[in-house]
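Notes to accompany the following structure.
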Number of protein chains: 2
Amino acid sequence: MDESAPEQADIDAAAQRIAGRVRRTPVVDLEPGAFGLDHPVALKLELLQHTGSFKPRGAFNRVLSAEIPPAGLVAASGGNHGLAVAHVARTLGVPAEIFVPTSSSPVKVARLRSYGVRAVVGGNYYADAYAASADRARETGALVVHAYEGTATVAGQGTVARELEQQRPDVDTVLVAVGGGGLVGGIAAWYTGRARVVSVEPQRIPTLAAALEHGRPVDVDVSGVAADSLGARRLGTAAYGAVVAAGVVPVLVPDDAILDARRRLWDETRIAAEAGGATALAALTSGAYRPAPGERVAVVVCGGNTDPRDLAPET
Amino acid sequence: MDESAPEQADIDAAAQRIAGRVRRTPVVDLEPGAFGLDHPVALKLELLQHTGSFKPRGAFNRVLSAEIPPAGLVAASGGNHGLAVAHVARTLGVPAEIFVPTSSSPVKVARLRSYGVRAVVGGNYYADAYAASADRARETGALVVHAYEGTATVAGQGTVARELEQQRPDVDTVLVAVGGGGLVGGIAAWYTGRARVVSVEPQRIPTLAAALEHGRPVDVDVSGVAADSLGARRLGTAAYGAVVAAGVVPVLVPDDAILDARRRLWDETRIAAEAGGATALAALTSGAYRPAPGERVAVVVCGGNTDPRDLAPET
């Protein structure tokens with residue numbers, strides 16, 4: 001698999017390749033005062049994407065860049081990436097096997113199966129499911145669709161930034177949450193030299209901050225409220241290259257700031273984000289990132305696969 | 001109060017008057033296949049508006065078109081309109097009294113009070129609260145902000161259509177839910193002669209269909225799943241004039257179609273609409289309105305003040 005950071009041309013090509021397969025998600029401009037901020041903020045509503053997160057962009061680009069073998073696709077994920085690969089498989093009419101750890105909820109497994117893919121439950125952790133998926137790929141010859149590794153995947157996620165720049169050409173700074181780094185890598189690759197990209201991570205899953213500190217992706221512990229969507233153990237290689245080249249500004253936020261941002265999104269805009277989807281906004285609402293006067297900021301709300309029960313008003 | 005149907009110029013003036021006070025809500029284009037439809041559909045996401053519904057548009061235009069007396073504002077509503085008037089009062093720094101029927105939940109009353117307005121609970125029905133608000137206005141001289149009557153209110157709601165036409169100039173047909181008719185009246189007034197407007201009502205609250213049948217607004221019974229947001233007893237006078245002039249196409253949908261549309265919105269786009277906010281979409285998903293081949297349709301998702309607990313996946 002190609003692990004170099006994507007070029008802008010790769011993202012242009014990805015956008016052509018996946019056009020009509022993904023939704024052009026809208027942007028809403030919020031006034032100063034919203035979320036308790038003293039400046040405007042633009043939200044890129046990527047949670048309206050197919051399957052409720054940005055993941056189909058990368059998955060479609062990966063799969064449509066390759067020859068699809070008769071065995072179809074294989075992936076490991078009990079979360080957003082698994083849903084995305086299942087959606088891609090169903091859309092393209094190819095088989096897929098998704099390996100999920102036993103920690104995934106039966107609801108998520110049932111949802112995967114509703115796409116007509118084979119969901120294989122086994123192993124306590126994501127790493128186990130990933131190892132099983134890799135073994136299976138060697139057996140069957142299926143195309144591995146990784147959650148965040150690979151130039152094609154990162155370029156696909158970068159189409160979020162390409163759209164955003166078309167929609168809001170004057171943005172100075174884009175804030176984006178980080179798990180394995182596919183999304184931040186793609187956005188960084190797109191905006192390199194033209195806008196600042198701020199990576200926002202839970203303090204308890206600092207894959208990008210740790211990679212910058214060590215000069216290479218390293219394993220971190222994974223825990224906290226956003227682990228279900230941002231819980232990768234290390235940053236991807238292609239993403240790391242893009243992040244370094246773009247000079248991404250790393251920011252960490254505590255879990256309570258993430259929950260507060262998620263609550264504010266619901267209370268003030270009726271957007272039901274998952275914790276990972278509210279993480280980038282948390283950098284603003286917590287003050288972990290403070291824009292300069294006049295700095296025009298955009299926040300990617302990257303996922304909405306949440307259980308909305310705890311957003312209900314108290315009765 | 002002026003009860004004539006607004007002209008397009010009134011809506012232009014309203015847009016100028018309320019600019020910066022309301023959010024320009026985004027539109028998302030959904031592909032054929034979404035919601036089980038065989039055609040694309042554009043959703044105007046008005047549930048992202050301040051207070052979670054379109055209501056601040058009309059309330060701001062009404063209030064900013066008038067002299068605000070020292071006693072401030074008075075309104076009757078236990079729902080979206082009350083929140084909107086409370087928001088307007090807080091934003092403009094004027095006092096307000098909101099009369100709510102005893103059937104309103106304590107959560108809604110508490111939310112109203114969180115805006116710093118006086119919420120007066122009394123009477124079993126909306127009509128009782130409205131009568132109390134009218135008495136109070138005579139006592140204090142406060143400005144009555146009606147939920148859907150009056151040219152200024154209807155013109156304010158019409159700014160939804162003005163924005164939508166800027167965002168999607170090629171729309172042939174706009175589907176919109178109806179309670180008292182402020183929103184449909186404003187949208188009809190804007191689009192008269194240029195696009196078809198389809199009014200969508202719960203079968204159990206057919207204010208617009210009944211008005212067309214009788215040649216004037218008449219009282220109807222109010223019940224069903226969308227009564228909390230669409231539960232007006234009769235269509236407003238200004239709205240009726242606009243609806244007749246525009247030749248609005250009336251459609252009725254059963255409650256189960258509304259609940260199904262609300263569920264599909266959540267499952268396929270992660271939009272958490274209230275039942276009234278999903279009612280316009282229900283005309284498409286239930287087949288009550290079937291666009292012609294190539295007809296470009298837009299749906300206004302007009303509110304999101306919902307308890308999201310019943311959107312949770314089954315566990």
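Every chain in the structure tokens takes a letter, A first, then B, and so on in the order presented; its residues are numbered from 1, and the ligands are numbered from 1 following the presented order.
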
| So which residues touch range 103-111 of chain A within 9 Å, counting only C-alpha atoms, skipping near sequence neighbours fewer than 2 positions away, as a VMD selection string? | (chain A and resid 77 to 79 83 100 to 101 113 to 115 119 to 126 228) or (chain B and resid 313 to 315)

| query | Quick one: DSSP alpha helix (DSSP H) residues in range 105-243 of chain A, as an NGL selection string? | reply | :A and (106-114 or 126-140 or 151-167 or 182-191 or 207-214 or 227-230 or 237-243)

| query | Could you list, as a PyMOL selection string, every residue of chain A that has an atom within 10 Å of an atom of chain B, counting only C-alpha atoms? | reply | chain A and resi 20-31+34+45-53+105-108+111+265-273+303-315

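You will find CA of Pro56 in chain B at 4.8 Å from CA of Ala84 in chain B.
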
| request: Would you kindly return, as number ranges by chain, each protein, DNA or RNA residue with an atom no farther than 8 Å from any atom of Val222 in chain B, considering only C-alpha atoms and excluding same-chain residues fewer than 5 positions away? | output: B: 204-205, 227, 231-233

| Any idea what's packed within 12 Å of Asp219 in chain B, counting only C-alpha atoms, ignoring anything in its chain fewer than 3 positions away? Could you give it as a PyMOL selection string? | chain B and resi 127+180+205-211+214+216+222+231-236

| message | I'd like to know which of A:Ala278, A:Ala42, A:Ala89, A:Val94 is closest to Val225 in chain A, using only C-alpha atoms. | response | A:Ala278

| field | One-decimal distance in Å that lies between CA of Leu43 in chain A and CA of Gly241 in chain A | value | 26.1 Å

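Backbone DSSP assigns strand (DSSP E) in range 83-182 of chain A to Ala96, Glu97, Ile98, Phe99, Val100, Arg118, Ala119, Val120, Val121, Leu143, Val144, Thr173, Val174, Leu175, Val176 and Ala177 of chain A.
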
For the residues in the current selection, export N, CA and C atoms as a PDB file, in the first residue's frame.
```pdb
ATOM      1  N   ALA A  96     -18.218  -8.177   1.206  1.00  0.00           N
ATOM      2  CA  ALA A  96     -17.278  -7.627   2.181  1.00  0.00           C
ATOM      3  C   ALA A  96     -17.358  -8.416   3.471  1.00  0.00           C
ATOM      4  N   GLU A  97     -16.211  -8.514   4.116  1.00  0.00           N
ATOM      5  CA  GLU A  97     -16.156  -9.089   5.459  1.00  0.00           C
ATOM      6  C   GLU A  97     -15.596  -8.023   6.395  1.00  0.00           C
ATOM      7  N   ILE A  98     -16.295  -7.795   7.490  1.00  0.00           N
ATOM      8  CA  ILE A  98     -15.851  -6.789   8.461  1.00  0.00           C
ATOM      9  C   ILE A  98     -15.558  -7.508   9.780  1.00  0.00           C
ATOM     10  N   PHE A  99     -14.346  -7.342  10.275  1.00  0.00           N
ATOM     11  CA  PHE A  99     -13.940  -7.973  11.537  1.00  0.00           C
ATOM     12  C   PHE A  99     -14.103  -6.963  12.667  1.00  0.00           C
ATOM     13  N   VAL A 100     -14.861  -7.354  13.680  1.00  0.00           N
ATOM     14  CA  VAL A 100     -15.126  -6.430  14.785  1.00  0.00           C
ATOM     15  C   VAL A 100     -14.739  -7.085  16.101  1.00  0.00           C
ATOM     16  N   ARG A 118     -20.706  -9.565   5.735  1.00  0.00           N
ATOM     17  CA  ARG A 118     -20.444 -10.572   6.771  1.00  0.00           C
ATOM     18  C   ARG A 118     -19.667  -9.894   7.892  1.00  0.00           C
ATOM     19  N   ALA A 119     -20.217  -9.907   9.079  1.00  0.00           N
ATOM     20  CA  ALA A 119     -19.536  -9.323  10.237  1.00  0.00           C
ATOM     21  C   ALA A 119     -18.991 -10.460  11.085  1.00  0.00           C
ATOM     22  N   VAL A 120     -17.683 -10.441  11.334  1.00  0.00           N
ATOM     23  CA  VAL A 120     -17.021 -11.502  12.083  1.00  0.00           C
ATOM     24  C   VAL A 120     -16.591 -10.937  13.428  1.00  0.00           C
ATOM     25  N   VAL A 121     -17.182 -11.425  14.497  1.00  0.00           N
ATOM     26  CA  VAL A 121     -16.888 -10.902  15.830  1.00  0.00           C
ATOM     27  C   VAL A 121     -15.835 -11.778  16.486  1.00  0.00           C
ATOM     28  N   LEU A 143      -9.559  -7.304  -0.973  1.00  0.00           N
ATOM     29  CA  LEU A 143      -8.895  -5.997  -0.891  1.00  0.00           C
ATOM     30  C   LEU A 143      -9.028  -5.448   0.536  1.00  0.00           C
ATOM     31  N   VAL A 144      -7.890  -5.178   1.148  1.00  0.00           N
ATOM     32  CA  VAL A 144      -7.928  -4.612   2.497  1.00  0.00           C
ATOM     33  C   VAL A 144      -8.261  -3.122   2.407  1.00  0.00           C
ATOM     34  N   THR A 173      -8.414  29.077   9.315  1.00  0.00           N
ATOM     35  CA  THR A 173      -8.026  27.975  10.204  1.00  0.00           C
ATOM     36  C   THR A 173      -9.125  26.926  10.228  1.00  0.00           C
ATOM     37  N   VAL A 174      -8.727  25.682  10.094  1.00  0.00           N
ATOM     38  CA  VAL A 174      -9.674  24.570  10.155  1.00  0.00           C
ATOM     39  C   VAL A 174      -9.316  23.685  11.342  1.00  0.00           C
ATOM     40  N   LEU A 175     -10.295  23.440  12.182  1.00  0.00           N
ATOM     41  CA  LEU A 175     -10.082  22.554  13.330  1.00  0.00           C
ATOM     42  C   LEU A 175     -10.696  21.196  13.037  1.00  0.00           C
ATOM     43  N   VAL A 176      -9.933  20.136  13.337  1.00  0.00           N
ATOM     44  CA  VAL A 176     -10.394  18.797  12.976  1.00  0.00           C
ATOM     45  C   VAL A 176      -9.928  17.793  14.027  1.00  0.00           C
ATOM     46  N   ALA A 177     -10.816  16.874  14.336  1.00  0.00           N
ATOM     47  CA  ALA A 177     -10.491  15.838  15.324  1.00  0.00           C
ATOM     48  C   ALA A 177      -9.590  14.770  14.707  1.00  0.00           C
TER      49      ALA A 177
END
```

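Take CA of Asp221 in chain A and CA of Gln203 in chain A: the distance between them is 10.2 Å.
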